[in-house]
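Following: one structure in structure tokens, then a few remarks.
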Amino acid sequence: MSSNPTENDIKPNGVVETDLGIVPVPKVEGTWTVDKAVETISTGKYPEGSDSPIGYFHLLERLKTTKREGWTRFAINRGESISDHMYRMSMMTMLAPASLAEKIDVNRCIKMALIHDMAESLVGDITPVDNVPKTEKNRREASTMDYITKRLLGNVDGGKQGEQIRAIWQEYEDSKTLESLFVHDIDKIELLLQMVEYEKRAKGKLDLGEFTFVKTKVGLDEMRVWADEIIKEREEFWAGKEHVRRDGGDEGVITQEKEQMQEAYYAGHGRKE
């Protein structure tokens with residue numbers, strides 16, 4: 001069905017019979033650039049250099065409609081969106097264990113959780129098995145954040161909000177502060193939660209065990225307690241049935257090639273057991 005409704009798509013009551021909720025990730029020929037990606041947006045370019053944030057607000061819709069790609073390989077086609085993922089992450093940061101909460105700026109962590117995947121609005125959700133080098137992924141995401149914070153938000157409130165968003169995103173990417181390490185762990189733990197929820201909903205007919213790898217990359221002791229609890233919950237669910245594991249013990253049937261891809265993707269995150 002075409003992305004633009006025709007006369008045949010419209011019923012007498014005015015209802016449009018087309019899936020307006022599907023917003024494809026920009027497909028770019030040759031070297032990926034922000035401008036090429038923006039050119040593909042069916043609703044038109046966002047106004048640049050404006051003192052209004054409305055264009056930026058429209059761009060954020062893409063986070064609501066873009067799905068987390070790791071699940072689509074398992075035919076979970078109506079799974080969580082990028083903003084779904086970031087919303088739960090932000091709620092999780094609010095419940096940071098007391099031993100961490102007294103050391104970190106929780107409000108900054110909430111902002112970081114809501115910002116960290118913002119570049120995927122144009123870049124899309126690049127996963128470990130997509131064969132996109134980490135340096136290229138970083139280049140695309142950094143250039144997208146520059147586009148958002150300078151070209152869309154550069155004249156909004158004197159550029160202050162754009163500068164703050166860019167700085168918080170960079171802090172997450174650099175992974176040096178305790179806040180960024182905490183949010184990286186929350187990112188992984190949110191994935192583990194979603195993995196178990198999908199498996200349970202499928203009543204054991206869907207094995208998402210390859211994603212348990214991220215548990216080995218959770219770095220902070222307090223967060224490893226949460227990760228361990230989720231893995232224990234999963235093991236109890238699968239008890240007595242053959243299933244894929246990679247929780248620091250039995251490696252199950254995850255291929256060496258796939259694990260190498262995961263290692264490259266999460267390089268510098270957390271620690272090995």
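In the structure tokens, the first chain shown is A, the next is B, and so on; residue numbers restart at 1 for each chain, and ligands run from 1 in the order shown.
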
Hey, what's within 9 Å of Met86 (chain A) if we count only C-alpha atoms and toss same-chain stuff fewer than 2 positions away? As a ChimeraX atom specification, please?
/A:81-84,88-91,113-117,187,190

Could those selected residues go to a file with N, CA and C atoms, as a short mmCIF file (atom, residue, chain, number, x, y, z; two decimals), in the first residue's frame?
```
data_model
loop_
_atom_site.label_atom_id
_atom_site.label_comp_id
_atom_site.auth_asym_id
_atom_site.auth_seq_id
_atom_site.Cartn_x
_atom_site.Cartn_y
_atom_site.Cartn_z
N SER A 81 9.00 0.36 20.80
CA SER A 81 9.65 1.41 20.03
C SER A 81 10.86 1.93 20.81
N ILE A 82 11.64 2.77 20.17
CA ILE A 82 12.80 3.36 20.84
C ILE A 82 12.34 4.20 22.03
N SER A 83 11.28 4.97 21.86
CA SER A 83 10.82 5.79 22.99
C SER A 83 10.22 4.94 24.10
N ASP A 84 9.60 3.80 23.76
CA ASP A 84 9.13 2.87 24.80
C ASP A 84 10.29 2.47 25.70
N ARG A 88 10.86 3.55 29.88
CA ARG A 88 11.01 2.67 31.04
C ARG A 88 12.38 2.87 31.68
N MET A 89 13.40 3.10 30.86
CA MET A 89 14.72 3.39 31.43
C MET A 89 14.66 4.59 32.37
N SER A 90 13.98 5.66 31.93
CA SER A 90 13.92 6.86 32.76
C SER A 90 13.20 6.60 34.08
N MET A 91 12.16 5.76 34.04
CA MET A 91 11.45 5.42 35.28
C MET A 91 12.34 4.56 36.18
N ALA A 113 18.77 9.09 30.18
CA ALA A 113 17.99 7.95 29.70
C ALA A 113 17.06 8.36 28.56
N LEU A 114 16.53 9.58 28.63
CA LEU A 114 15.60 10.07 27.62
C LEU A 114 16.30 10.60 26.37
N ILE A 115 17.59 10.84 26.47
CA ILE A 115 18.35 11.43 25.37
C ILE A 115 19.23 10.42 24.65
N HIS A 116 19.68 9.37 25.34
CA HIS A 116 20.80 8.56 24.86
C HIS A 116 20.58 7.93 23.48
N ASP A 117 19.33 7.62 23.11
CA ASP A 117 19.06 7.01 21.80
C ASP A 117 18.37 7.99 20.84
N ASP A 187 20.28 0.64 30.61
CA ASP A 187 19.99 0.31 29.22
C ASP A 187 19.98 -1.21 29.01
N GLU A 190 17.09 -2.96 31.09
CA GLU A 190 15.79 -2.79 30.44
C GLU A 190 15.63 -3.81 29.32
#
```

Among region 88-248 of chain A, which residues carry a DSSP assignment of helix (DSSP H, G or I), reported as a ChimeraX atom specification?
/A:88-93,98-101,106-115,120-123,128-130,134-152,156-174,178-201,209-217,221-238

For Ile186 (chain A), find every residue with an atom within 8 Å (counting only C-alpha atoms), except residues of its own chain fewer than 5 positions away, and show them as a short mmCIF file (atom, residue, chain, number, x, y, z; two decimals) with all heavy atoms, in the first residue's frame.
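Contents of part.cif, freshly written:
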```cif
data_model
loop_
_atom_site.label_atom_id
_atom_site.label_comp_id
_atom_site.auth_asym_id
_atom_site.auth_seq_id
_atom_site.Cartn_x
_atom_site.Cartn_y
_atom_site.Cartn_z
N MET A 89 13.40 3.10 30.86
CA MET A 89 14.72 3.39 31.43
C MET A 89 14.66 4.59 32.37
O MET A 89 15.23 4.57 33.46
CB MET A 89 15.73 3.67 30.32
CG MET A 89 16.31 2.44 29.65
SD MET A 89 17.51 2.92 28.37
CE MET A 89 18.74 3.79 29.34
N MET A 92 13.14 3.68 35.57
CA MET A 92 14.03 2.83 36.35
C MET A 92 15.11 3.66 37.06
O MET A 92 15.49 3.37 38.20
CB MET A 92 14.67 1.78 35.45
CG MET A 92 13.69 0.73 34.94
SD MET A 92 14.34 -0.25 33.55
CE MET A 92 15.69 -1.13 34.35
N THR A 93 15.60 4.70 36.39
CA THR A 93 16.65 5.52 37.02
C THR A 93 16.14 6.21 38.27
O THR A 93 16.92 6.48 39.19
CB THR A 93 17.20 6.58 36.05
OG1 THR A 93 16.16 7.49 35.69
CG2 THR A 93 17.78 5.95 34.80
N MET A 223 23.77 -2.76 40.11
CA MET A 223 23.01 -3.11 38.91
C MET A 223 23.14 -4.59 38.58
O MET A 223 22.23 -5.20 38.02
CB MET A 223 23.47 -2.26 37.73
CG MET A 223 23.21 -0.77 37.89
SD MET A 223 21.42 -0.40 38.01
CE MET A 223 21.19 -0.37 39.80
#
```

Can you tell me how far CA of Asp125 (chain A) sits from CA of Leu60 (chain A), in Å to one decimal?
14.5 Å

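Once region 50-53 of chain A and its same-chain neighbours fewer than 5 positions away are set aside, Leu152, Leu153, Gly154, Asn155, Val156 and Asp157 of chain A remain within 8 Å of it when counting only C-alpha atoms.
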
Save out the residues we just selected, N, CA and C atoms, as a CSV table (one decimal), in the first residue's frame.
```csv
chain,number,residue,atom,x,y,z
A,152,LEU,N,18.5,22.4,14.5
A,152,LEU,CA,17.1,22.5,14.9
A,152,LEU,C,16.9,23.3,16.1
A,153,LEU,N,17.8,23.2,17.1
A,153,LEU,CA,17.7,23.9,18.4
A,153,LEU,C,18.7,25.0,18.6
A,154,GLY,N,19.5,25.3,17.7
A,154,GLY,CA,20.6,26.2,17.9
A,154,GLY,C,20.1,27.6,18.2
A,155,ASN,N,18.9,28.0,17.7
A,155,ASN,CA,18.4,29.4,18.0
A,155,ASN,C,17.2,29.3,19.0
A,156,VAL,N,16.9,28.2,19.6
A,156,VAL,CA,15.9,28.1,20.6
A,156,VAL,C,16.5,28.4,21.9
A,157,ASP,N,15.9,29.4,22.6
A,157,ASP,CA,16.4,29.9,23.9
A,157,ASP,C,17.9,30.1,23.9
```

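Closest to Glu242 (chain A) among A:Val38, A:Leu206, A:Ile126, A:Ala98 is A:Leu206, based on only C-alpha atoms.
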
Do you know which residues are at most 12 Å from region 164-178 of chain A counting only C-alpha atoms, after dropping those on the same chain fewer than 4 positions away, and could you put them as a PDB file with C-alpha atoms, in the first residue's frame?
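The resulting file, around_18.pdb, is reproduced below:
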```pdb
ATOM      1  CA  LEU A 100      24.071   4.768  44.175  1.00  0.00           C
ATOM      2  CA  ALA A 101      21.476   7.519  44.542  1.00  0.00           C
ATOM      3  CA  GLU A 102      23.601   9.254  47.170  1.00  0.00           C
ATOM      4  CA  LYS A 103      26.544   9.436  44.730  1.00  0.00           C
ATOM      5  CA  ILE A 104      24.871  10.414  41.456  1.00  0.00           C
ATOM      6  CA  ASP A 105      22.727  13.205  40.042  1.00  0.00           C
ATOM      7  CA  VAL A 106      19.514  11.225  39.515  1.00  0.00           C
ATOM      8  CA  ASN A 107      17.803  14.022  37.575  1.00  0.00           C
ATOM      9  CA  ARG A 108      20.709  14.121  35.127  1.00  0.00           C
ATOM     10  CA  CYS A 109      20.435  10.338  34.755  1.00  0.00           C
ATOM     11  CA  ILE A 110      16.727  10.652  33.912  1.00  0.00           C
ATOM     12  CA  LYS A 111      17.601  13.176  31.203  1.00  0.00           C
ATOM     13  CA  MET A 112      20.372  10.911  29.935  1.00  0.00           C
ATOM     14  CA  ALA A 113      17.990   7.950  29.700  1.00  0.00           C
ATOM     15  CA  LEU A 114      15.602  10.070  27.623  1.00  0.00           C
ATOM     16  CA  ILE A 115      18.354  11.431  25.375  1.00  0.00           C
ATOM     17  CA  HIS A 116      20.802   8.560  24.859  1.00  0.00           C
ATOM     18  CA  ASP A 117      19.055   7.011  21.805  1.00  0.00           C
ATOM     19  CA  MET A 118      17.746  10.261  20.307  1.00  0.00           C
ATOM     20  CA  ALA A 119      20.021   9.961  17.255  1.00  0.00           C
ATOM     21  CA  LYS A 134      31.180   0.865  15.661  1.00  0.00           C
ATOM     22  CA  LYS A 137      27.666   3.954  13.971  1.00  0.00           C
ATOM     23  CA  ASN A 138      29.251   6.595  16.206  1.00  0.00           C
ATOM     24  CA  ARG A 139      29.834   8.933  13.242  1.00  0.00           C
ATOM     25  CA  GLU A 141      24.874   9.272  15.622  1.00  0.00           C
ATOM     26  CA  ALA A 142      27.217  12.173  16.443  1.00  0.00           C
ATOM     27  CA  SER A 143      26.374  13.967  13.195  1.00  0.00           C
ATOM     28  CA  THR A 144      22.671  13.461  13.884  1.00  0.00           C
ATOM     29  CA  MET A 145      23.004  14.935  17.368  1.00  0.00           C
ATOM     30  CA  ASP A 146      24.828  17.930  15.876  1.00  0.00           C
ATOM     31  CA  TYR A 147      21.976  18.357  13.398  1.00  0.00           C
ATOM     32  CA  ILE A 148      19.358  18.183  16.166  1.00  0.00           C
ATOM     33  CA  THR A 149      21.081  20.386  18.724  1.00  0.00           C
ATOM     34  CA  LYS A 150      22.621  22.972  16.385  1.00  0.00           C
ATOM     35  CA  LEU A 153      17.654  23.860  18.376  1.00  0.00           C
ATOM     36  CA  GLY A 154      20.579  26.233  17.883  1.00  0.00           C
ATOM     37  CA  ASP A 157      16.409  29.851  23.905  1.00  0.00           C
ATOM     38  CA  GLY A 158      19.798  31.009  22.714  1.00  0.00           C
ATOM     39  CA  GLY A 159      20.826  27.417  22.007  1.00  0.00           C
ATOM     40  CA  LYS A 160      21.055  26.567  25.715  1.00  0.00           C
ATOM     41  CA  PHE A 182      24.684   3.761  35.667  1.00  0.00           C
ATOM     42  CA  VAL A 183      22.543   4.646  32.641  1.00  0.00           C
ATOM     43  CA  HIS A 184      24.490   2.210  30.431  1.00  0.00           C
ATOM     44  CA  ASP A 185      23.664  -0.512  32.960  1.00  0.00           C
ATOM     45  CA  ILE A 186      20.008   0.555  33.027  1.00  0.00           C
ATOM     46  CA  ASP A 187      19.986   0.307  29.218  1.00  0.00           C
ATOM     47  CA  GLY A 219      29.328  -3.133  35.424  1.00  0.00           C
ATOM     48  CA  LEU A 220      28.076  -1.620  38.697  1.00  0.00           C
ATOM     49  CA  TYR A 266      29.580  -3.385  23.631  1.00  0.00           C
ATOM     50  CA  ALA A 267      33.334  -2.742  23.681  1.00  0.00           C
ATOM     51  CA  GLY A 268      34.203  -0.580  26.653  1.00  0.00           C
ATOM     52  CA  HIS A 269      30.919  -1.262  28.454  1.00  0.00           C
ATOM     53  CA  GLY A 270      30.808  -3.004  31.808  1.00  0.00           C
TER      54      GLY A 270
END
```
